[in-house]
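**Q** One structure, pasted below without further comment.
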Amino acid sequence: MTSKKRDFLKFTDLTLDEHLGLFRRAAVLKKARRERRCVNTMDGRTLTMIFEKASTRTRLSFEAAMLQLGGSCIDLSAGNSQMSRGEPLPDTARVTGRYCDVVMMRTFADARIEEFAAYCEVPVINGLTDGGHPVQILTDLFTIEEKLGSVKGKTLAFIGDTGSNMGRSFTRAAPIFGYQLKLASPKGYHPADDVVGPAKGFVSLLADPKEAAKGADVVITDVWTSMGQEAESKQRLADLGGYQVNPELMKLAQQHALFLHCLPAHREEEVTASVIDGPQSVVWDEAENRLHVQKALLEYLVLENERRQE
């Protein structure tokens, strides 16, 4: 008897217990990697990666994760496939699901990955869309818990363009994990009401970056101009110029405060070099943890889907 497969398209697709289970498994897999012990849980399985947006960390971390777990990968860049010649997305999804065991898709509109997942018979993972970046938030929260213990009750400050896919994902995760999130942005750069509403009581919308940073356990930022927004770059630089994360801002946070950035970073724009390359920055551990968290996610979705089909 078959049952519906699980996807990971947005952070709320998994429960708190499932997220914490992934963290526990990621820690085990990280230790195994450090000790050079082979884990072959994905032996005989194939991951297809579909890229409609440029990528460095997502491409490297997903491919390395699958290969290190004993599986294989297929890179299906949109420009090198029939998608670029107008093949209907449902047709591509139906075929892809017959050839592989799991799909990671990195695209623009949320509706596009949702449509793909609806017609694909194997699990689909959101590798980034305009609306969210759930695998990155999963990694960031794992990194915080690794460094500071449980994120529950902690205060996170996101400064800059908090209406970005990163800001929206941190907002969605706040009520699940029980942390306080302070979002500091100029007018027009906060997440929309439909994102903030479900997180009421856990999220504060602020205009003053100093107010956000004060007493924070974690300070977070992201680029001010995301992919697809290049035409707005000049205006964004003007609007967000007062929201740079710098040493003065970090001094307002807790002494133990961490600095996070999902990368790539533009030094001396959204963050100074002294902060991102300084002692409070954990961006390189954060980047490495994509590998371990995504291994755990791949295992969970693929093996659970196989059990559901038995």
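Going by the structure tokens order, chains are called A, B, ..., each with residues numbered from 1, while ligands are numbered from 1 in the order shown.
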Write down as a JSON list (two decimals) with N, CA and C atoms, in the first residue's frame the residues belonging to range 158-261 of chain A that are assigned helix (DSSP H, G or I) by DSSP computed on the backbone.
**A**
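Result saved to result01.json:
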[["chain", "number", "residue", "atom", "x", "y", "z"],
["A", 165, "ASN", "N", 13.96, 36.14, 1.54],
["A", 165, "ASN", "CA", 13.61, 34.74, 1.80],
["A", 165, "ASN", "C", 14.19, 34.25, 3.13],
["A", 166, "MET", "N", 15.36, 34.77, 3.52],
["A", 166, "MET", "CA", 15.94, 34.39, 4.80],
["A", 166, "MET", "C", 15.11, 34.95, 5.96],
["A", 167, "GLY", "N", 14.74, 36.21, 5.87],
["A", 167, "GLY", "CA", 13.93, 36.82, 6.91],
["A", 167, "GLY", "C", 12.60, 36.11, 7.08],
["A", 168, "ARG", "N", 11.97, 35.76, 5.97],
["A", 168, "ARG", "CA", 10.69, 35.06, 6.04],
["A", 168, "ARG", "C", 10.85, 33.68, 6.67],
["A", 169, "SER", "N", 11.94, 32.99, 6.32],
["A", 169, "SER", "CA", 12.15, 31.65, 6.89],
["A", 169, "SER", "C", 12.43, 31.71, 8.39],
["A", 170, "PHE", "N", 13.23, 32.67, 8.84],
["A", 170, "PHE", "CA", 13.45, 32.83, 10.28],
["A", 170, "PHE", "C", 12.14, 33.15, 11.00],
["A", 171, "THR", "N", 11.29, 33.93, 10.36],
["A", 171, "THR", "CA", 10.00, 34.28, 10.95],
["A", 171, "THR", "C", 9.12, 33.04, 11.10],
["A", 172, "ARG", "N", 9.05, 32.22, 10.07],
["A", 172, "ARG", "CA", 8.23, 31.01, 10.13],
["A", 172, "ARG", "C", 8.74, 30.03, 11.18],
["A", 173, "ALA", "N", 10.06, 30.01, 11.39],
["A", 173, "ALA", "CA", 10.65, 29.06, 12.34],
["A", 173, "ALA", "C", 10.50, 29.50, 13.79],
["A", 174, "ALA", "N", 10.28, 30.79, 14.04],
["A", 174, "ALA", "CA", 10.27, 31.31, 15.42],
["A", 174, "ALA", "C", 9.24, 30.62, 16.32],
["A", 175, "PRO", "N", 7.96, 30.51, 15.92],
["A", 175, "PRO", "CA", 7.01, 29.85, 16.82],
["A", 175, "PRO", "C", 7.24, 28.35, 16.97],
["A", 176, "ILE", "N", 7.88, 27.73, 16.00],
["A", 176, "ILE", "CA", 8.18, 26.30, 16.10],
["A", 176, "ILE", "C", 9.26, 26.06, 17.15],
["A", 177, "PHE", "N", 10.31, 26.87, 17.13],
["A", 177, "PHE", "CA", 11.44, 26.68, 18.04],
["A", 177, "PHE", "C", 11.34, 27.52, 19.30],
["A", 193, "ASP", "N", 2.41, 40.78, 6.10],
["A", 193, "ASP", "CA", 1.56, 40.43, 7.23],
["A", 193, "ASP", "C", 1.21, 38.94, 7.27],
["A", 194, "ASP", "N", 1.06, 38.32, 6.09],
["A", 194, "ASP", "CA", 0.68, 36.90, 6.07],
["A", 194, "ASP", "C", 1.81, 36.00, 6.56],
["A", 195, "VAL", "N", 3.05, 36.51, 6.56],
["A", 195, "VAL", "CA", 4.18, 35.77, 7.10],
["A", 195, "VAL", "C", 4.33, 36.04, 8.60],
["A", 196, "VAL", "N", 4.18, 37.30, 8.97],
["A", 196, "VAL", "CA", 4.37, 37.69, 10.37],
["A", 196, "VAL", "C", 3.20, 37.24, 11.24],
["A", 197, "GLY", "N", 2.00, 37.26, 10.71],
["A", 197, "GLY", "CA", 0.81, 36.94, 11.50],
["A", 197, "GLY", "C", 0.88, 35.63, 12.26],
["A", 198, "PRO", "N", 1.24, 34.52, 11.61],
["A", 198, "PRO", "CA", 1.31, 33.23, 12.33],
["A", 198, "PRO", "C", 2.39, 33.19, 13.40],
["A", 199, "ALA", "N", 3.32, 34.15, 13.38],
["A", 199, "ALA", "CA", 4.41, 34.17, 14.36],
["A", 199, "ALA", "C", 4.19, 35.23, 15.44],
["A", 209, "PRO", "N", 18.12, 49.47, 14.09],
["A", 209, "PRO", "CA", 18.99, 48.28, 14.20],
["A", 209, "PRO", "C", 19.64, 48.15, 15.58],
["A", 210, "LYS", "N", 19.88, 49.28, 16.25],
["A", 210, "LYS", "CA", 20.48, 49.22, 17.59],
["A", 210, "LYS", "C", 19.52, 48.59, 18.58],
["A", 211, "GLU", "N", 18.24, 48.89, 18.46],
["A", 211, "GLU", "CA", 17.24, 48.29, 19.33],
["A", 211, "GLU", "C", 17.16, 46.78, 19.10],
["A", 212, "ALA", "N", 17.33, 46.38, 17.86],
["A", 212, "ALA", "CA", 17.29, 44.95, 17.56],
["A", 212, "ALA", "C", 18.51, 44.22, 18.12],
["A", 213, "ALA", "N", 19.67, 44.82, 17.98],
["A", 213, "ALA", "CA", 20.91, 44.16, 18.42],
["A", 213, "ALA", "C", 21.05, 44.11, 19.93],
["A", 230, "GLU", "N", 18.69, 42.84, -9.06],
["A", 230, "GLU", "CA", 19.84, 43.65, -9.44],
["A", 230, "GLU", "C", 19.46, 45.05, -9.92],
["A", 231, "ALA", "N", 18.32, 45.21, -10.58],
["A", 231, "ALA", "CA", 17.89, 46.52, -11.07],
["A", 231, "ALA", "C", 17.56, 47.48, -9.93],
["A", 232, "GLU", "N", 17.31, 46.93, -8.74],
["A", 232, "GLU", "CA", 16.97, 47.75, -7.58],
["A", 232, "GLU", "C", 18.18, 48.05, -6.70],
["A", 233, "SER", "N", 19.36, 47.62, -7.12],
["A", 233, "SER", "CA", 20.54, 47.66, -6.26],
["A", 233, "SER", "C", 20.85, 49.06, -5.73],
["A", 234, "LYS", "N", 20.83, 50.06, -6.58],
["A", 234, "LYS", "CA", 21.18, 51.43, -6.16],
["A", 234, "LYS", "C", 20.22, 51.93, -5.09],
["A", 235, "GLN", "N", 18.92, 51.69, -5.29],
["A", 235, "GLN", "CA", 17.93, 52.13, -4.31],
["A", 235, "GLN", "C", 18.07, 51.36, -3.01],
["A", 236, "ARG", "N", 18.34, 50.08, -3.11],
["A", 236, "ARG", "CA", 18.50, 49.26, -1.91],
["A", 236, "ARG", "C", 19.71, 49.70, -1.09],
["A", 237, "LEU", "N", 20.80, 50.01, -1.75],
["A", 237, "LEU", "CA", 21.98, 50.49, -1.03],
["A", 237, "LEU", "C", 21.67, 51.77, -0.27],
["A", 238, "ALA", "N", 20.89, 52.65, -0.89],
["A", 238, "ALA", "CA", 20.50, 53.91, -0.23],
["A", 238, "ALA", "C", 19.57, 53.65, 0.95],
["A", 239, "ASP", "N", 18.60, 52.78, 0.76],
["A", 239, "ASP", "CA", 17.61, 52.53, 1.81],
["A", 239, "ASP", "C", 18.20, 51.80, 3.01],
["A", 240, "LEU", "N", 19.13, 50.88, 2.74],
["A", 240, "LEU", "CA", 19.63, 49.99, 3.79],
["A", 240, "LEU", "C", 20.99, 50.42, 4.34],
["A", 241, "GLY", "N", 21.49, 51.56, 3.89],
["A", 241, "GLY", "CA", 22.82, 52.00, 4.29],
["A", 241, "GLY", "C", 23.03, 52.12, 5.79],
["A", 242, "GLY", "N", 21.96, 52.39, 6.54],
["A", 242, "GLY", "CA", 22.08, 52.53, 7.99],
["A", 242, "GLY", "C", 21.92, 51.22, 8.74],
["A", 243, "TYR", "N", 21.88, 50.11, 8.03],
["A", 243, "TYR", "CA", 21.61, 48.81, 8.66],
["A", 243, "TYR", "C", 22.80, 47.85, 8.55],
["A", 247, "PRO", "N", 31.12, 46.59, 14.24],
["A", 247, "PRO", "CA", 31.53, 46.33, 15.63],
["A", 247, "PRO", "C", 30.69, 47.09, 16.65],
["A", 248, "GLU", "N", 30.28, 48.30, 16.35],
["A", 248, "GLU", "CA", 29.48, 49.09, 17.28],
["A", 248, "GLU", "C", 28.14, 48.40, 17.55],
["A", 249, "LEU", "N", 27.55, 47.84, 16.51],
["A", 249, "LEU", "CA", 26.28, 47.14, 16.66],
["A", 249, "LEU", "C", 26.46, 45.85, 17.46],
["A", 250, "MET", "N", 27.53, 45.12, 17.17],
["A", 250, "MET", "CA", 27.78, 43.86, 17.87],
["A", 250, "MET", "C", 28.03, 44.08, 19.36]]
**Q** Quick one: residues within 10 Å of range 100-105 of chain A, only C-alpha atoms counted, chain neighbours fewer than 2 positions away excluded, as number ranges by chain?
**A** A: 7-9, 42, 44-53, 58-59, 62, 71-77, 93, 95-98, 107-108, 112-113, 116-117, 120-129, 298-299, 301-303, 305-306
**Q** For the selection you just gave me, I'd like the residues written to a file as a compact mmCIF listing (two decimals), in the first residue's frame, keeping N, CA and C atoms.
**A**
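Ended up saving to result.txt:
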# COMPACT_ATOMS: atom_id res chain seq x y z
N ASP A 7 7.54 16.14 1.32
CA ASP A 7 8.45 17.12 0.72
C ASP A 7 8.96 18.05 1.81
N PHE A 8 10.00 18.81 1.50
CA PHE A 8 10.48 19.87 2.39
C PHE A 8 10.57 21.14 1.56
N LEU A 9 9.41 21.79 1.41
CA LEU A 9 9.31 23.00 0.60
C LEU A 9 9.36 24.26 1.46
N MET A 42 22.60 6.05 1.64
CA MET A 42 21.99 6.40 0.36
C MET A 42 22.53 5.54 -0.79
N GLY A 44 22.82 3.27 -3.73
CA GLY A 44 21.85 2.90 -4.75
C GLY A 44 20.77 3.94 -5.01
N ARG A 45 20.81 5.07 -4.30
CA ARG A 45 19.82 6.14 -4.50
C ARG A 45 20.43 7.28 -5.30
N THR A 46 19.56 8.02 -5.98
CA THR A 46 20.00 9.13 -6.84
C THR A 46 19.27 10.42 -6.48
N LEU A 47 20.04 11.48 -6.37
CA LEU A 47 19.52 12.83 -6.17
C LEU A 47 19.61 13.59 -7.49
N THR A 48 18.50 14.19 -7.92
CA THR A 48 18.53 15.10 -9.06
C THR A 48 18.48 16.53 -8.54
N MET A 49 19.40 17.37 -8.99
CA MET A 49 19.46 18.77 -8.56
C MET A 49 19.08 19.65 -9.75
N ILE A 50 18.04 20.45 -9.57
CA ILE A 50 17.56 21.34 -10.63
C ILE A 50 17.86 22.78 -10.23
N PHE A 51 18.67 23.45 -11.03
CA PHE A 51 19.07 24.82 -10.72
C PHE A 51 18.53 25.79 -11.76
N GLU A 52 17.65 26.68 -11.29
CA GLU A 52 17.20 27.80 -12.12
C GLU A 52 17.73 29.12 -11.57
N LYS A 53 18.47 29.03 -10.46
CA LYS A 53 19.20 30.16 -9.88
C LYS A 53 20.63 29.72 -9.64
N THR A 58 24.82 25.60 -2.08
CA THR A 58 23.74 24.61 -2.24
C THR A 58 24.18 23.49 -3.16
N ARG A 59 24.82 23.83 -4.26
CA ARG A 59 25.29 22.81 -5.20
C ARG A 59 26.34 21.91 -4.55
N PHE A 62 24.85 19.79 -1.33
CA PHE A 62 23.93 18.69 -1.65
C PHE A 62 24.64 17.58 -2.41
N GLY A 71 25.41 7.65 -2.38
CA GLY A 71 24.49 7.79 -3.49
C GLY A 71 25.13 8.46 -4.69
N SER A 72 24.29 8.86 -5.65
CA SER A 72 24.78 9.54 -6.85
C SER A 72 23.94 10.77 -7.12
N CYS A 73 24.45 11.65 -7.97
CA CYS A 73 23.79 12.93 -8.25
C CYS A 73 23.68 13.17 -9.74
N ILE A 74 22.61 13.85 -10.14
CA ILE A 74 22.44 14.34 -11.50
C ILE A 74 22.16 15.83 -11.42
N ASP A 75 22.95 16.61 -12.15
CA ASP A 75 22.77 18.06 -12.19
C ASP A 75 21.95 18.41 -13.42
N LEU A 76 20.70 18.85 -13.19
CA LEU A 76 19.82 19.18 -14.30
C LEU A 76 19.59 20.69 -14.32
N SER A 77 20.59 21.45 -14.77
CA SER A 77 20.43 22.89 -14.88
C SER A 77 19.36 23.20 -15.92
N ALA A 93 8.53 17.06 -14.13
CA ALA A 93 8.42 16.51 -12.78
C ALA A 93 8.06 15.03 -12.81
N VAL A 95 8.60 12.81 -15.15
CA VAL A 95 9.72 12.02 -15.66
C VAL A 95 10.84 11.94 -14.63
N THR A 96 11.19 13.08 -14.03
CA THR A 96 12.28 13.11 -13.05
C THR A 96 12.01 12.15 -11.90
N GLY A 97 10.76 12.12 -11.44
CA GLY A 97 10.41 11.24 -10.34
C GLY A 97 10.54 9.77 -10.66
N ARG A 98 10.51 9.42 -11.94
CA ARG A 98 10.68 8.02 -12.33
C ARG A 98 12.15 7.61 -12.39
N THR A 107 14.87 27.61 -7.36
CA THR A 107 14.15 28.33 -8.40
C THR A 107 13.68 29.69 -7.89
N PHE A 108 12.77 30.31 -8.62
CA PHE A 108 12.32 31.66 -8.28
C PHE A 108 11.01 31.60 -7.48
N ARG A 112 6.26 27.71 -8.40
CA ARG A 112 6.92 26.82 -9.37
C ARG A 112 7.38 25.53 -8.70
N ILE A 113 8.01 25.62 -7.55
CA ILE A 113 8.47 24.40 -6.88
C ILE A 113 7.27 23.63 -6.32
N PHE A 116 5.95 21.67 -9.24
CA PHE A 116 6.84 20.55 -9.52
C PHE A 116 6.61 19.42 -8.53
N ALA A 117 6.56 19.76 -7.24
CA ALA A 117 6.39 18.74 -6.20
C ALA A 117 5.06 18.02 -6.33
N CYS A 120 5.62 15.31 -8.97
CA CYS A 120 6.80 14.45 -8.82
C CYS A 120 6.50 13.40 -7.75
N GLU A 121 6.76 12.15 -8.05
CA GLU A 121 6.38 11.07 -7.13
C GLU A 121 7.39 10.81 -6.02
N VAL A 122 8.54 11.51 -6.04
CA VAL A 122 9.53 11.35 -4.99
C VAL A 122 9.66 12.66 -4.21
N PRO A 123 10.27 12.64 -3.02
CA PRO A 123 10.38 13.86 -2.22
C PRO A 123 11.12 14.98 -2.96
N VAL A 124 10.64 16.20 -2.74
CA VAL A 124 11.25 17.40 -3.33
C VAL A 124 11.69 18.32 -2.20
N ILE A 125 12.92 18.82 -2.31
CA ILE A 125 13.50 19.72 -1.31
C ILE A 125 13.67 21.10 -1.91
N ASN A 126 13.27 22.11 -1.17
CA ASN A 126 13.46 23.50 -1.59
C ASN A 126 14.90 23.91 -1.31
N GLY A 127 15.69 24.10 -2.38
CA GLY A 127 17.07 24.55 -2.24
C GLY A 127 17.19 26.06 -2.24
N LEU A 128 16.08 26.77 -2.37
CA LEU A 128 15.94 28.23 -2.30
C LEU A 128 14.88 28.64 -3.31
N THR A 129 13.97 29.48 -2.83
CA THR A 129 13.01 30.16 -3.70
C THR A 129 12.95 31.61 -3.26
N LEU A 298 18.22 14.38 3.67
CA LEU A 298 18.13 13.43 2.57
C LEU A 298 17.79 12.03 3.09
N GLU A 299 18.50 11.60 4.12
CA GLU A 299 18.20 10.30 4.72
C GLU A 299 16.75 10.21 5.16
N LEU A 301 13.97 11.97 4.39
CA LEU A 301 12.93 12.01 3.36
C LEU A 301 12.95 10.76 2.48
N VAL A 302 14.13 10.33 2.07
CA VAL A 302 14.23 9.19 1.16
C VAL A 302 13.83 7.89 1.86
N LEU A 303 14.40 7.65 3.02
CA LEU A 303 14.12 6.39 3.71
C LEU A 303 12.69 6.33 4.22
N ASN A 305 10.16 7.80 2.75
CA ASN A 305 9.34 7.59 1.56
C ASN A 305 9.35 6.11 1.15
N GLU A 306 10.50 5.47 1.27
CA GLU A 306 10.59 4.04 0.94
C GLU A 306 9.73 3.23 1.90
**Q** Excluding Asp161 in chain A and any residue of its chain fewer than 3 positions from it, enumerate the residues within 7 Å of it, using only C-alpha atoms, and give them as an NGL selection string.
**A** :A and (164 or 185 or 189-190 or 224)
**Q** I'd like to know which of A:Glu270, A:Asp43, A:Glu286, A:Glu18 is closest to Leu141 in chain A, using only C-alpha atoms.
**A**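 Residue with the minimum atom-to-atom distance to Leu141 in chain A: A:Glu286.
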**Q** What's the separation between CA of Gly163 in chain A and CA of Ile137 in chain A, in Å to one decimal place?
**A**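 For CA of Gly163 in chain A relative to CA of Ile137 in chain A, the distance reads 14.5 Å.
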**Q** Using backbone DSSP assignments, extract all strand (DSSP E) residues from range 81-270 of chain A; output them as a ChimeraX atom specification.
**A** /A:102-106,124-128,155-159,180-184,203-206,218-221,258-261
**Q** The selected residues should be written to file as a PDB file, in the first residue's frame (atoms: C-alpha atoms).
**A**
ATOM      1  CA  VAL A 102      14.797  12.636  -4.346  1.00  0.00           C
ATOM      2  CA  VAL A 103      14.909  16.062  -6.032  1.00  0.00           C
ATOM      3  CA  MET A 104      16.432  19.333  -4.851  1.00  0.00           C
ATOM      4  CA  MET A 105      15.147  22.364  -6.765  1.00  0.00           C
ATOM      5  CA  ARG A 106      16.461  25.936  -6.605  1.00  0.00           C
ATOM      6  CA  VAL A 124      11.246  17.396  -3.329  1.00  0.00           C
ATOM      7  CA  ILE A 125      13.498  19.719  -1.307  1.00  0.00           C
ATOM      8  CA  ASN A 126      13.458  23.498  -1.587  1.00  0.00           C
ATOM      9  CA  GLY A 127      17.069  24.553  -2.241  1.00  0.00           C
ATOM     10  CA  LEU A 128      15.935  28.226  -2.299  1.00  0.00           C
ATOM     11  CA  THR A 155      16.840  36.328  21.115  1.00  0.00           C
ATOM     12  CA  LEU A 156      17.787  36.513  17.438  1.00  0.00           C
ATOM     13  CA  ALA A 157      18.242  39.847  15.656  1.00  0.00           C
ATOM     14  CA  PHE A 158      17.950  39.933  11.877  1.00  0.00           C
ATOM     15  CA  ILE A 159      19.120  43.275  10.490  1.00  0.00           C
ATOM     16  CA  GLN A 180      12.272  35.739  19.993  1.00  0.00           C
ATOM     17  CA  LEU A 181      13.068  37.316  16.633  1.00  0.00           C
ATOM     18  CA  LYS A 182      13.725  41.034  16.250  1.00  0.00           C
ATOM     19  CA  LEU A 183      13.541  42.182  12.623  1.00  0.00           C
ATOM     20  CA  ALA A 184      15.151  45.570  11.960  1.00  0.00           C
ATOM     21  CA  VAL A 203       8.457  38.419  16.246  1.00  0.00           C
ATOM     22  CA  SER A 204       9.030  42.155  16.667  1.00  0.00           C
ATOM     23  CA  LEU A 205       9.183  44.544  13.696  1.00  0.00           C
ATOM     24  CA  LEU A 206      11.628  47.367  14.364  1.00  0.00           C
ATOM     25  CA  VAL A 218      22.587  35.963  17.677  1.00  0.00           C
ATOM     26  CA  VAL A 219      22.942  38.742  15.087  1.00  0.00           C
ATOM     27  CA  ILE A 220      22.086  37.865  11.488  1.00  0.00           C
ATOM     28  CA  THR A 221      22.208  39.650   8.174  1.00  0.00           C
ATOM     29  CA  LEU A 258      27.177  34.869  17.425  1.00  0.00           C
ATOM     30  CA  PHE A 259      27.207  36.465  13.990  1.00  0.00           C
ATOM     31  CA  LEU A 260      25.541  34.527  11.152  1.00  0.00           C
ATOM     32  CA  HIS A 261      25.441  35.152   7.400  1.00  0.00           C
TER      33      HIS A 261
END
**Q** Could you check the closest approach to Asn289 in chain A for each of A:Arg57, A:Lys200, A:Arg85, A:Arg36 and tell me which residue wins, using only C-alpha atoms?
**A**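 Selected residue with least distance to Asn289 in chain A: A:Arg57.
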**Q** Return the single residue from A:His292, A:Arg33, A:Gln244, A:Val39 that is closest to Val275 in chain A, with distances computed using only C-alpha atoms.
**A**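 Closest to Val275 in chain A of all the choices is A:Gln244.
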**Q** Provide the CA of Leu138 in chain A to CA of Ala287 in chain A distance in Å, to one decimal place.
**A**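 Computing the Euclidean distance for CA of Leu138 in chain A and CA of Ala287 in chain A yields 11.7 Å.
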**Q** Taking only C-alpha atoms into account, which of A:Lys187, A:His133, A:Lys5, A:Lys214 comes nearest Cys262 in chain A?
**A** A:His133
